[in-house]
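The data block below is run30.cif; it holds mmCIF, N, CA and C atoms.
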```cif
data_structure
#
loop_
_atom_site.label_atom_id
_atom_site.label_comp_id
_atom_site.auth_asym_id
_atom_site.auth_seq_id
_atom_site.Cartn_x
_atom_site.Cartn_y
_atom_site.Cartn_z
N VAL K 1 2.61 -0.37 13.97
CA VAL K 1 1.22 -0.77 13.90
C VAL K 1 0.37 0.48 13.73
N LEU K 2 -0.46 0.45 12.70
CA LEU K 2 -1.42 1.53 12.48
C LEU K 2 -2.80 0.98 12.77
N THR K 3 -3.58 1.73 13.53
CA THR K 3 -4.94 1.30 13.84
C THR K 3 -5.91 2.43 13.56
N ASP K 4 -7.11 2.05 13.21
CA ASP K 4 -8.24 2.96 13.05
C ASP K 4 -7.87 4.23 12.29
N THR K 5 -7.96 5.39 12.93
CA THR K 5 -7.77 6.67 12.25
C THR K 5 -6.35 6.90 11.79
N GLN K 6 -5.38 6.11 12.27
CA GLN K 6 -4.00 6.22 11.81
C GLN K 6 -3.82 5.59 10.44
N ALA K 7 -4.71 4.69 10.07
CA ALA K 7 -4.57 3.92 8.83
C ALA K 7 -5.12 4.68 7.62
N THR K 8 -4.70 5.92 7.48
CA THR K 8 -5.05 6.73 6.31
C THR K 8 -4.08 6.39 5.19
N LEU K 9 -4.35 6.86 3.99
CA LEU K 9 -3.44 6.63 2.88
C LEU K 9 -2.06 7.21 3.20
N ASP K 10 -2.02 8.44 3.71
CA ASP K 10 -0.73 9.05 4.07
C ASP K 10 -0.05 8.31 5.21
N GLY K 11 -0.83 7.84 6.19
CA GLY K 11 -0.27 7.08 7.30
C GLY K 11 0.36 5.78 6.84
N ILE K 12 -0.31 5.09 5.92
CA ILE K 12 0.20 3.82 5.39
C ILE K 12 1.46 4.07 4.55
N LYS K 13 1.43 5.11 3.72
CA LYS K 13 2.62 5.46 2.93
C LYS K 13 3.80 5.76 3.85
N GLY K 14 3.54 6.53 4.89
CA GLY K 14 4.60 6.86 5.85
C GLY K 14 5.15 5.63 6.54
N ALA K 15 4.29 4.69 6.89
CA ALA K 15 4.74 3.46 7.53
C ALA K 15 5.63 2.63 6.58
N PHE K 16 5.27 2.59 5.31
CA PHE K 16 6.11 1.88 4.35
C PHE K 16 7.45 2.59 4.13
N GLN K 17 7.44 3.90 4.16
CA GLN K 17 8.71 4.64 4.04
C GLN K 17 9.61 4.34 5.24
N TRP K 18 9.02 4.28 6.43
CA TRP K 18 9.79 3.91 7.63
C TRP K 18 10.33 2.48 7.48
N LEU K 19 9.50 1.59 6.98
CA LEU K 19 9.91 0.21 6.79
C LEU K 19 11.07 0.11 5.80
N GLN K 20 11.02 0.88 4.73
CA GLN K 20 12.09 0.88 3.74
C GLN K 20 13.41 1.35 4.35
N ARG K 21 13.35 2.32 5.25
CA ARG K 21 14.56 2.79 5.92
C ARG K 21 15.05 1.80 6.98
N SER K 22 14.11 1.17 7.67
CA SER K 22 14.46 0.32 8.81
C SER K 22 14.85 -1.09 8.43
N ALA K 23 14.23 -1.65 7.42
CA ALA K 23 14.53 -3.02 6.99
C ALA K 23 15.56 -2.96 5.87
N SER K 24 16.76 -2.53 6.21
CA SER K 24 17.75 -2.26 5.17
C SER K 24 19.02 -3.12 5.29
N SER K 25 19.03 -4.05 6.23
CA SER K 25 20.25 -4.83 6.43
C SER K 25 20.40 -5.97 5.43
N GLY K 26 19.33 -6.31 4.74
CA GLY K 26 19.36 -7.47 3.86
C GLY K 26 19.15 -8.77 4.61
N LYS K 27 18.98 -8.68 5.93
CA LYS K 27 18.76 -9.87 6.77
C LYS K 27 17.42 -9.82 7.49
N ASP K 28 16.67 -8.76 7.26
CA ASP K 28 15.40 -8.56 7.95
C ASP K 28 14.30 -9.42 7.34
N THR K 29 13.31 -9.74 8.17
CA THR K 29 12.09 -10.38 7.72
C THR K 29 10.96 -9.39 7.91
N VAL K 30 10.17 -9.18 6.87
CA VAL K 30 9.07 -8.23 6.91
C VAL K 30 7.76 -8.99 6.78
N PHE K 31 6.84 -8.71 7.67
CA PHE K 31 5.50 -9.29 7.64
C PHE K 31 4.51 -8.15 7.63
N VAL K 32 3.67 -8.06 6.62
CA VAL K 32 2.67 -7.01 6.51
C VAL K 32 1.30 -7.67 6.56
N TYR K 33 0.46 -7.18 7.45
CA TYR K 33 -0.90 -7.70 7.58
C TYR K 33 -1.86 -6.54 7.40
N LEU K 34 -2.72 -6.63 6.43
CA LEU K 34 -3.73 -5.61 6.19
C LEU K 34 -5.09 -6.18 6.55
N ALA K 35 -5.84 -5.43 7.34
CA ALA K 35 -7.19 -5.84 7.69
C ALA K 35 -8.11 -4.67 7.38
N GLY K 36 -9.14 -4.94 6.63
CA GLY K 36 -10.07 -3.87 6.28
C GLY K 36 -10.75 -4.16 4.97
N GLY K 37 -11.32 -3.14 4.40
CA GLY K 37 -12.05 -3.29 3.15
C GLY K 37 -11.14 -3.23 1.94
N ALA K 38 -11.60 -3.85 0.89
CA ALA K 38 -10.88 -3.83 -0.39
C ALA K 38 -11.92 -3.90 -1.50
N ALA K 39 -11.50 -3.52 -2.68
CA ALA K 39 -12.43 -3.52 -3.82
C ALA K 39 -11.65 -3.52 -5.12
N MET K 40 -12.34 -3.84 -6.19
CA MET K 40 -11.81 -3.63 -7.53
C MET K 40 -12.19 -2.20 -7.88
N VAL K 41 -11.19 -1.37 -8.15
CA VAL K 41 -11.46 0.05 -8.40
C VAL K 41 -10.89 0.47 -9.74
N PRO K 42 -11.40 1.54 -10.33
CA PRO K 42 -10.91 2.00 -11.62
C PRO K 42 -9.42 2.34 -11.57
N ASP K 43 -8.75 2.12 -12.68
CA ASP K 43 -7.32 2.41 -12.77
C ASP K 43 -7.02 3.89 -12.55
N ARG K 44 -5.80 4.15 -12.10
CA ARG K 44 -5.28 5.51 -12.03
C ARG K 44 -4.60 5.82 -13.35
N ALA K 45 -4.33 7.07 -13.59
CA ALA K 45 -3.66 7.48 -14.84
C ALA K 45 -2.24 6.94 -14.92
N ASP K 46 -1.58 6.72 -13.78
CA ASP K 46 -0.18 6.29 -13.79
C ASP K 46 0.02 4.78 -13.84
N PHE K 47 -1.05 4.01 -13.79
CA PHE K 47 -0.92 2.56 -13.86
C PHE K 47 -2.21 1.98 -14.41
N ARG K 48 -2.08 1.17 -15.44
CA ARG K 48 -3.26 0.60 -16.12
C ARG K 48 -3.23 -0.92 -16.08
N HIS K 49 -4.40 -1.52 -15.85
CA HIS K 49 -4.59 -2.96 -15.95
C HIS K 49 -5.33 -3.24 -17.26
N GLN K 50 -5.21 -4.44 -17.75
CA GLN K 50 -5.91 -4.80 -18.98
C GLN K 50 -7.42 -4.69 -18.84
N THR K 51 -7.92 -4.94 -17.65
CA THR K 51 -9.37 -4.90 -17.42
C THR K 51 -9.89 -3.50 -17.11
N GLY K 52 -8.98 -2.55 -16.84
CA GLY K 52 -9.42 -1.20 -16.49
C GLY K 52 -9.68 -1.00 -15.02
N THR K 53 -9.55 -2.09 -14.24
CA THR K 53 -9.71 -2.01 -12.79
C THR K 53 -8.59 -2.77 -12.12
N GLY K 54 -8.33 -2.42 -10.86
CA GLY K 54 -7.30 -3.12 -10.11
C GLY K 54 -7.75 -3.34 -8.67
N TYR K 55 -7.16 -4.34 -8.04
CA TYR K 55 -7.45 -4.64 -6.64
C TYR K 55 -6.85 -3.55 -5.78
N ALA K 56 -7.62 -3.05 -4.83
CA ALA K 56 -7.13 -1.99 -3.96
C ALA K 56 -7.65 -2.16 -2.54
N PHE K 57 -6.78 -1.86 -1.59
CA PHE K 57 -7.13 -1.80 -0.18
C PHE K 57 -7.70 -0.41 0.08
N LEU K 58 -8.71 -0.33 0.91
CA LEU K 58 -9.35 0.95 1.18
C LEU K 58 -8.92 1.47 2.55
N PRO K 59 -8.02 2.46 2.57
CA PRO K 59 -7.60 3.03 3.85
C PRO K 59 -8.77 3.70 4.57
N GLN K 60 -8.54 4.07 5.79
CA GLN K 60 -9.58 4.67 6.62
C GLN K 60 -10.18 5.92 5.97
N ASP K 61 -9.39 6.67 5.23
CA ASP K 61 -9.87 7.91 4.62
C ASP K 61 -10.22 7.77 3.14
N ALA K 62 -10.40 6.55 2.64
CA ALA K 62 -10.77 6.36 1.24
C ALA K 62 -12.13 7.01 0.96
N SER K 63 -12.25 7.56 -0.22
CA SER K 63 -13.50 8.22 -0.62
C SER K 63 -14.12 7.46 -1.78
N ALA K 64 -15.35 7.03 -1.61
CA ALA K 64 -16.06 6.32 -2.68
C ALA K 64 -16.19 7.18 -3.92
N LYS K 65 -16.17 8.49 -3.77
CA LYS K 65 -16.28 9.40 -4.90
C LYS K 65 -14.96 9.59 -5.64
N ASP K 66 -13.86 9.13 -5.04
CA ASP K 66 -12.54 9.34 -5.66
C ASP K 66 -11.60 8.18 -5.35
N LEU K 67 -12.05 6.95 -5.60
CA LEU K 67 -11.23 5.78 -5.28
C LEU K 67 -9.88 5.75 -5.99
N PRO K 68 -9.78 6.14 -7.26
CA PRO K 68 -8.46 6.08 -7.89
C PRO K 68 -7.39 6.91 -7.17
N ASN K 69 -7.80 7.94 -6.46
CA ASN K 69 -6.84 8.79 -5.75
C ASN K 69 -6.77 8.55 -4.26
N THR K 70 -7.67 7.73 -3.72
CA THR K 70 -7.68 7.53 -2.27
C THR K 70 -7.52 6.07 -1.85
N ALA K 71 -7.52 5.15 -2.81
CA ALA K 71 -7.33 3.72 -2.51
C ALA K 71 -5.85 3.36 -2.62
N LEU K 72 -5.49 2.27 -2.00
CA LEU K 72 -4.11 1.77 -2.02
C LEU K 72 -4.08 0.53 -2.89
N TYR K 73 -3.55 0.67 -4.09
CA TYR K 73 -3.55 -0.42 -5.08
C TYR K 73 -2.53 -1.50 -4.75
N GLY K 74 -2.84 -2.71 -5.18
CA GLY K 74 -1.90 -3.82 -5.02
C GLY K 74 -0.55 -3.51 -5.65
N HIS K 75 -0.57 -2.80 -6.77
CA HIS K 75 0.67 -2.40 -7.43
C HIS K 75 1.52 -1.52 -6.52
N ASP K 76 0.88 -0.61 -5.78
CA ASP K 76 1.61 0.24 -4.83
C ASP K 76 2.27 -0.61 -3.75
N LEU K 77 1.50 -1.53 -3.19
CA LEU K 77 2.05 -2.39 -2.13
C LEU K 77 3.24 -3.18 -2.63
N ALA K 78 3.12 -3.76 -3.82
CA ALA K 78 4.22 -4.54 -4.38
C ALA K 78 5.46 -3.67 -4.60
N THR K 79 5.27 -2.46 -5.10
CA THR K 79 6.38 -1.55 -5.33
C THR K 79 7.06 -1.16 -4.02
N TRP K 80 6.26 -0.83 -3.02
CA TRP K 80 6.81 -0.41 -1.73
C TRP K 80 7.53 -1.56 -1.04
N LEU K 81 6.97 -2.76 -1.12
CA LEU K 81 7.65 -3.91 -0.51
C LEU K 81 8.95 -4.23 -1.25
N ALA K 82 8.94 -4.11 -2.54
CA ALA K 82 10.15 -4.39 -3.32
C ALA K 82 11.26 -3.40 -2.99
N ALA K 83 10.90 -2.20 -2.53
CA ALA K 83 11.89 -1.19 -2.18
C ALA K 83 12.58 -1.46 -0.85
N THR K 84 12.06 -2.39 -0.06
CA THR K 84 12.77 -2.77 1.16
C THR K 84 13.91 -3.69 0.76
N ARG K 85 14.90 -3.75 1.60
CA ARG K 85 16.01 -4.66 1.32
C ARG K 85 15.95 -5.86 2.25
N ALA K 86 14.73 -6.24 2.59
CA ALA K 86 14.53 -7.36 3.50
C ALA K 86 14.89 -8.67 2.82
N GLN K 87 15.36 -9.61 3.61
CA GLN K 87 15.70 -10.94 3.09
C GLN K 87 14.43 -11.71 2.80
N THR K 88 13.43 -11.55 3.66
CA THR K 88 12.17 -12.29 3.54
C THR K 88 11.00 -11.33 3.65
N LEU K 89 10.04 -11.50 2.73
CA LEU K 89 8.81 -10.70 2.79
C LEU K 89 7.65 -11.62 3.03
#
```

Can the structure in the file be given as structure tokens, please?
Amino acid sequence: VLTDTQATLDGIKGAFQWLQRSASSGKDTVFVYLAGGAAMVPDRADFRHQTGTGYAFLPQDASAKDLPNTALYGHDLATWLAATRAQTL
């Protein structure tokens, strides 16, 4: 569980890395709950949407001046969850 100041972009990435290592039996059930702000933000250079924007969760340390580099995109979440070997997501 990450709360408040722990819910930075690096903190969330680290939690998903832990989850990928821990939910590796193929029999695990993973439940992820995100609470906080979100927005449609400009695409990053490494991933493009047809509209030029993507849905992103805003971690505690997100910067309005640099959302493409500080927001957590839905694509990232999907990729990180797919990397777990959980039976149920």

Go through the shown structure with the PyMOL selection byres (((chain K and resi 74-76 and name CA) around 9) and name CA) and write out the matching residues as a ChimeraX atom specification. /K:47,54-57,72-73,77-81

As an exercise, work out the distance from atom N of Leu89 (chain K) to CA of Asp28 (chain K) in Å and give it to one decimal place.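 Taking atom N of Leu89 (chain K) and CA of Asp28 (chain K), their separation equals 8.0 Å.
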
CA of Lys65 (chain K) and atom C of Gly14 (chain K), how far apart in Å?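 A separation of 24.6 Å between them.
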
Starting from the PyMOL selection byres (((chain K and resi 58-61 and name CA) around 7) and name CA), expand the selection into actual residues of this file and give them as a list in words. Asp4, Thr5, Ala7, Thr8, Leu9, Gly37, Ala38, Ala56, Phe57, Ala62, Ser63, Ala71 and Leu72 of chain K

Secondary structure check, helix (DSSP H, G or I) residues of chain K, as an MDAnalysis selection string: chainID K and resid 4:6 9:22 64:70 74:82

Convert the current residue selection to file output with N, CA and C atoms, as an mmCIF file, keeping the file's coordinate frame.
```cif
data_model
loop_
_atom_site.group_PDB
_atom_site.id
_atom_site.type_symbol
_atom_site.label_atom_id
_atom_site.label_comp_id
_atom_site.auth_asym_id
_atom_site.auth_seq_id
_atom_site.Cartn_x
_atom_site.Cartn_y
_atom_site.Cartn_z
ATOM 1 N N ASP K 4 -7.110 2.050 13.210
ATOM 2 C CA ASP K 4 -8.240 2.960 13.050
ATOM 3 C C ASP K 4 -7.870 4.230 12.290
ATOM 4 N N THR K 5 -7.960 5.390 12.930
ATOM 5 C CA THR K 5 -7.770 6.670 12.250
ATOM 6 C C THR K 5 -6.350 6.900 11.790
ATOM 7 N N GLN K 6 -5.380 6.110 12.270
ATOM 8 C CA GLN K 6 -4.000 6.220 11.810
ATOM 9 C C GLN K 6 -3.820 5.590 10.440
ATOM 10 N N LEU K 9 -4.350 6.860 3.990
ATOM 11 C CA LEU K 9 -3.440 6.630 2.880
ATOM 12 C C LEU K 9 -2.060 7.210 3.200
ATOM 13 N N ASP K 10 -2.020 8.440 3.710
ATOM 14 C CA ASP K 10 -0.730 9.050 4.070
ATOM 15 C C ASP K 10 -0.050 8.310 5.210
ATOM 16 N N GLY K 11 -0.830 7.840 6.190
ATOM 17 C CA GLY K 11 -0.270 7.080 7.300
ATOM 18 C C GLY K 11 0.360 5.780 6.840
ATOM 19 N N ILE K 12 -0.310 5.090 5.920
ATOM 20 C CA ILE K 12 0.200 3.820 5.390
ATOM 21 C C ILE K 12 1.460 4.070 4.550
ATOM 22 N N LYS K 13 1.430 5.110 3.720
ATOM 23 C CA LYS K 13 2.620 5.460 2.930
ATOM 24 C C LYS K 13 3.800 5.760 3.850
ATOM 25 N N GLY K 14 3.540 6.530 4.890
ATOM 26 C CA GLY K 14 4.600 6.860 5.850
ATOM 27 C C GLY K 14 5.150 5.630 6.540
ATOM 28 N N ALA K 15 4.290 4.690 6.890
ATOM 29 C CA ALA K 15 4.740 3.460 7.530
ATOM 30 C C ALA K 15 5.630 2.630 6.580
ATOM 31 N N PHE K 16 5.270 2.590 5.310
ATOM 32 C CA PHE K 16 6.110 1.880 4.350
ATOM 33 C C PHE K 16 7.450 2.590 4.130
ATOM 34 N N GLN K 17 7.440 3.900 4.160
ATOM 35 C CA GLN K 17 8.710 4.640 4.040
ATOM 36 C C GLN K 17 9.610 4.340 5.240
ATOM 37 N N TRP K 18 9.020 4.280 6.430
ATOM 38 C CA TRP K 18 9.790 3.910 7.630
ATOM 39 C C TRP K 18 10.330 2.480 7.480
ATOM 40 N N LEU K 19 9.500 1.590 6.980
ATOM 41 C CA LEU K 19 9.910 0.210 6.790
ATOM 42 C C LEU K 19 11.070 0.110 5.800
ATOM 43 N N GLN K 20 11.020 0.880 4.730
ATOM 44 C CA GLN K 20 12.090 0.880 3.740
ATOM 45 C C GLN K 20 13.410 1.350 4.350
ATOM 46 N N ARG K 21 13.350 2.320 5.250
ATOM 47 C CA ARG K 21 14.560 2.790 5.920
ATOM 48 C C ARG K 21 15.050 1.800 6.980
ATOM 49 N N SER K 22 14.110 1.170 7.670
ATOM 50 C CA SER K 22 14.460 0.320 8.810
ATOM 51 C C SER K 22 14.850 -1.090 8.430
ATOM 52 N N ALA K 64 -15.350 7.030 -1.610
ATOM 53 C CA ALA K 64 -16.060 6.320 -2.680
ATOM 54 C C ALA K 64 -16.190 7.180 -3.920
ATOM 55 N N LYS K 65 -16.170 8.490 -3.770
ATOM 56 C CA LYS K 65 -16.280 9.400 -4.900
ATOM 57 C C LYS K 65 -14.960 9.590 -5.640
ATOM 58 N N ASP K 66 -13.860 9.130 -5.040
ATOM 59 C CA ASP K 66 -12.540 9.340 -5.660
ATOM 60 C C ASP K 66 -11.600 8.180 -5.350
ATOM 61 N N LEU K 67 -12.050 6.950 -5.600
ATOM 62 C CA LEU K 67 -11.230 5.780 -5.280
ATOM 63 C C LEU K 67 -9.880 5.750 -5.990
ATOM 64 N N PRO K 68 -9.780 6.140 -7.260
ATOM 65 C CA PRO K 68 -8.460 6.080 -7.890
ATOM 66 C C PRO K 68 -7.390 6.910 -7.170
ATOM 67 N N ASN K 69 -7.800 7.940 -6.460
ATOM 68 C CA ASN K 69 -6.840 8.790 -5.750
ATOM 69 C C ASN K 69 -6.770 8.550 -4.260
ATOM 70 N N THR K 70 -7.670 7.730 -3.720
ATOM 71 C CA THR K 70 -7.680 7.530 -2.270
ATOM 72 C C THR K 70 -7.520 6.070 -1.850
ATOM 73 N N GLY K 74 -2.840 -2.710 -5.180
ATOM 74 C CA GLY K 74 -1.900 -3.820 -5.020
ATOM 75 C C GLY K 74 -0.550 -3.510 -5.650
ATOM 76 N N HIS K 75 -0.570 -2.800 -6.770
ATOM 77 C CA HIS K 75 0.670 -2.400 -7.430
ATOM 78 C C HIS K 75 1.520 -1.520 -6.520
ATOM 79 N N ASP K 76 0.880 -0.610 -5.780
ATOM 80 C CA ASP K 76 1.610 0.240 -4.830
ATOM 81 C C ASP K 76 2.270 -0.610 -3.750
ATOM 82 N N LEU K 77 1.500 -1.530 -3.190
ATOM 83 C CA LEU K 77 2.050 -2.390 -2.130
ATOM 84 C C LEU K 77 3.240 -3.180 -2.630
ATOM 85 N N ALA K 78 3.120 -3.760 -3.820
ATOM 86 C CA ALA K 78 4.220 -4.540 -4.380
ATOM 87 C C ALA K 78 5.460 -3.670 -4.600
ATOM 88 N N THR K 79 5.270 -2.460 -5.100
ATOM 89 C CA THR K 79 6.380 -1.550 -5.330
ATOM 90 C C THR K 79 7.060 -1.160 -4.020
ATOM 91 N N TRP K 80 6.260 -0.830 -3.020
ATOM 92 C CA TRP K 80 6.810 -0.410 -1.730
ATOM 93 C C TRP K 80 7.530 -1.560 -1.040
ATOM 94 N N LEU K 81 6.970 -2.760 -1.120
ATOM 95 C CA LEU K 81 7.650 -3.910 -0.510
ATOM 96 C C LEU K 81 8.950 -4.230 -1.250
ATOM 97 N N ALA K 82 8.940 -4.110 -2.540
ATOM 98 C CA ALA K 82 10.150 -4.390 -3.320
ATOM 99 C C ALA K 82 11.260 -3.400 -2.990
#
```

Could you tell me how far CA of Gly36 (chain K) sits from CA of Gln20 (chain K), in Å to one decimal place? 22.8 Å

So that I can check the surroundings of Thr53 (chain K), please list as a count of residues only every protein, DNA and RNA residue that reaches within 7 Å of it, counting only N, CA and C atoms and ignoring chain neighbours fewer than 5 positions away. 5

For the point (17.0, -13.5, 9.3) in file coordinates, what residues are within 8 Å, counting all atoms listed in the file? Give the answer as a PDB file with N, CA and C atoms, keeping the file's coordinate frame?
```pdb
ATOM      1  N   GLY K  26      19.330  -6.310   4.740  1.00  0.00           N
ATOM      2  CA  GLY K  26      19.360  -7.470   3.860  1.00  0.00           C
ATOM      3  C   GLY K  26      19.150  -8.770   4.610  1.00  0.00           C
ATOM      4  N   LYS K  27      18.980  -8.680   5.930  1.00  0.00           N
ATOM      5  CA  LYS K  27      18.760  -9.870   6.770  1.00  0.00           C
ATOM      6  C   LYS K  27      17.420  -9.820   7.490  1.00  0.00           C
ATOM      7  N   ASP K  28      16.670  -8.760   7.260  1.00  0.00           N
ATOM      8  CA  ASP K  28      15.400  -8.560   7.950  1.00  0.00           C
ATOM      9  C   ASP K  28      14.300  -9.420   7.340  1.00  0.00           C
ATOM     10  N   THR K  29      13.310  -9.740   8.170  1.00  0.00           N
ATOM     11  CA  THR K  29      12.090 -10.380   7.720  1.00  0.00           C
ATOM     12  C   THR K  29      10.960  -9.390   7.910  1.00  0.00           C
ATOM     13  N   GLN K  87      15.360  -9.610   3.610  1.00  0.00           N
ATOM     14  CA  GLN K  87      15.700 -10.940   3.090  1.00  0.00           C
ATOM     15  C   GLN K  87      14.430 -11.710   2.800  1.00  0.00           C
ATOM     16  N   THR K  88      13.430 -11.550   3.660  1.00  0.00           N
ATOM     17  CA  THR K  88      12.170 -12.290   3.540  1.00  0.00           C
ATOM     18  C   THR K  88      11.000 -11.330   3.650  1.00  0.00           C
TER      19      THR K  88
END
```

Determine which residues of chain K receive a DSSP assignment of strand (DSSP E or B), computed from the backbone, and state them as a PDB file with N, CA and C atoms, in the frame of the given file.
```pdb
ATOM      1  N   THR K  29      13.310  -9.740   8.170  1.00  0.00           N
ATOM      2  CA  THR K  29      12.090 -10.380   7.720  1.00  0.00           C
ATOM      3  C   THR K  29      10.960  -9.390   7.910  1.00  0.00           C
ATOM      4  N   ALA K  38     -11.600  -3.850   0.890  1.00  0.00           N
ATOM      5  CA  ALA K  38     -10.880  -3.830  -0.390  1.00  0.00           C
ATOM      6  C   ALA K  38     -11.920  -3.900  -1.500  1.00  0.00           C
ATOM      7  N   ALA K  39     -11.500  -3.520  -2.680  1.00  0.00           N
ATOM      8  CA  ALA K  39     -12.430  -3.520  -3.820  1.00  0.00           C
ATOM      9  C   ALA K  39     -11.650  -3.520  -5.120  1.00  0.00           C
ATOM     10  N   MET K  40     -12.340  -3.840  -6.190  1.00  0.00           N
ATOM     11  CA  MET K  40     -11.810  -3.630  -7.530  1.00  0.00           C
ATOM     12  C   MET K  40     -12.190  -2.200  -7.880  1.00  0.00           C
ATOM     13  N   VAL K  41     -11.190  -1.370  -8.150  1.00  0.00           N
ATOM     14  CA  VAL K  41     -11.460   0.050  -8.400  1.00  0.00           C
ATOM     15  C   VAL K  41     -10.890   0.470  -9.740  1.00  0.00           C
ATOM     16  N   PRO K  42     -11.400   1.540 -10.330  1.00  0.00           N
ATOM     17  CA  PRO K  42     -10.910   2.000 -11.620  1.00  0.00           C
ATOM     18  C   PRO K  42      -9.420   2.340 -11.570  1.00  0.00           C
ATOM     19  N   ARG K  44      -5.800   4.150 -12.100  1.00  0.00           N
ATOM     20  CA  ARG K  44      -5.280   5.510 -12.030  1.00  0.00           C
ATOM     21  C   ARG K  44      -4.600   5.820 -13.350  1.00  0.00           C
ATOM     22  N   PHE K  47      -1.050   4.010 -13.790  1.00  0.00           N
ATOM     23  CA  PHE K  47      -0.920   2.560 -13.860  1.00  0.00           C
ATOM     24  C   PHE K  47      -2.210   1.980 -14.410  1.00  0.00           C
ATOM     25  N   THR K  53      -9.550  -2.090 -14.240  1.00  0.00           N
ATOM     26  CA  THR K  53      -9.710  -2.010 -12.790  1.00  0.00           C
ATOM     27  C   THR K  53      -8.590  -2.770 -12.120  1.00  0.00           C
ATOM     28  N   GLY K  54      -8.330  -2.420 -10.860  1.00  0.00           N
ATOM     29  CA  GLY K  54      -7.300  -3.120 -10.110  1.00  0.00           C
ATOM     30  C   GLY K  54      -7.750  -3.340  -8.670  1.00  0.00           C
ATOM     31  N   TYR K  55      -7.160  -4.340  -8.040  1.00  0.00           N
ATOM     32  CA  TYR K  55      -7.450  -4.640  -6.640  1.00  0.00           C
ATOM     33  C   TYR K  55      -6.850  -3.550  -5.780  1.00  0.00           C
ATOM     34  N   ALA K  56      -7.620  -3.050  -4.830  1.00  0.00           N
ATOM     35  CA  ALA K  56      -7.130  -1.990  -3.960  1.00  0.00           C
ATOM     36  C   ALA K  56      -7.650  -2.160  -2.540  1.00  0.00           C
ATOM     37  N   PHE K  57      -6.780  -1.860  -1.590  1.00  0.00           N
ATOM     38  CA  PHE K  57      -7.130  -1.800  -0.180  1.00  0.00           C
ATOM     39  C   PHE K  57      -7.700  -0.410   0.080  1.00  0.00           C
ATOM     40  N   LEU K  72      -5.490   2.270  -2.000  1.00  0.00           N
ATOM     41  CA  LEU K  72      -4.110   1.770  -2.020  1.00  0.00           C
ATOM     42  C   LEU K  72      -4.080   0.530  -2.890  1.00  0.00           C
ATOM     43  N   TYR K  73      -3.550   0.670  -4.090  1.00  0.00           N
ATOM     44  CA  TYR K  73      -3.550  -0.420  -5.080  1.00  0.00           C
ATOM     45  C   TYR K  73      -2.530  -1.500  -4.750  1.00  0.00           C
ATOM     46  N   THR K  88      13.430 -11.550   3.660  1.00  0.00           N
ATOM     47  CA  THR K  88      12.170 -12.290   3.540  1.00  0.00           C
ATOM     48  C   THR K  88      11.000 -11.330   3.650  1.00  0.00           C
TER      49      THR K  88
END
```

Residues returned when the PyMOL selection byres ((chain K and resi 85) around 5) runs on this file, as a ChimeraX atom specification: /K:23-24,26,83-84,86-87

Measuring between only C-alpha atoms, which one of K:Leu2, K:His49, K:Gln17, K:Arg44 shows the shortest distance to Leu67 (chain K)? K:Arg44

Extending 6 Å beyond the listed atoms of region 31-42 of chain K on each side, what axis-aligned box results? I want centre and edge lengths in Å to one decimal, as AutoDock Vina command-line options.
```
--center_x -2.8 --center_y -3.5 --center_z -2.0 --size_x 31.3 --size_y 23.6 --size_z 31.3
```
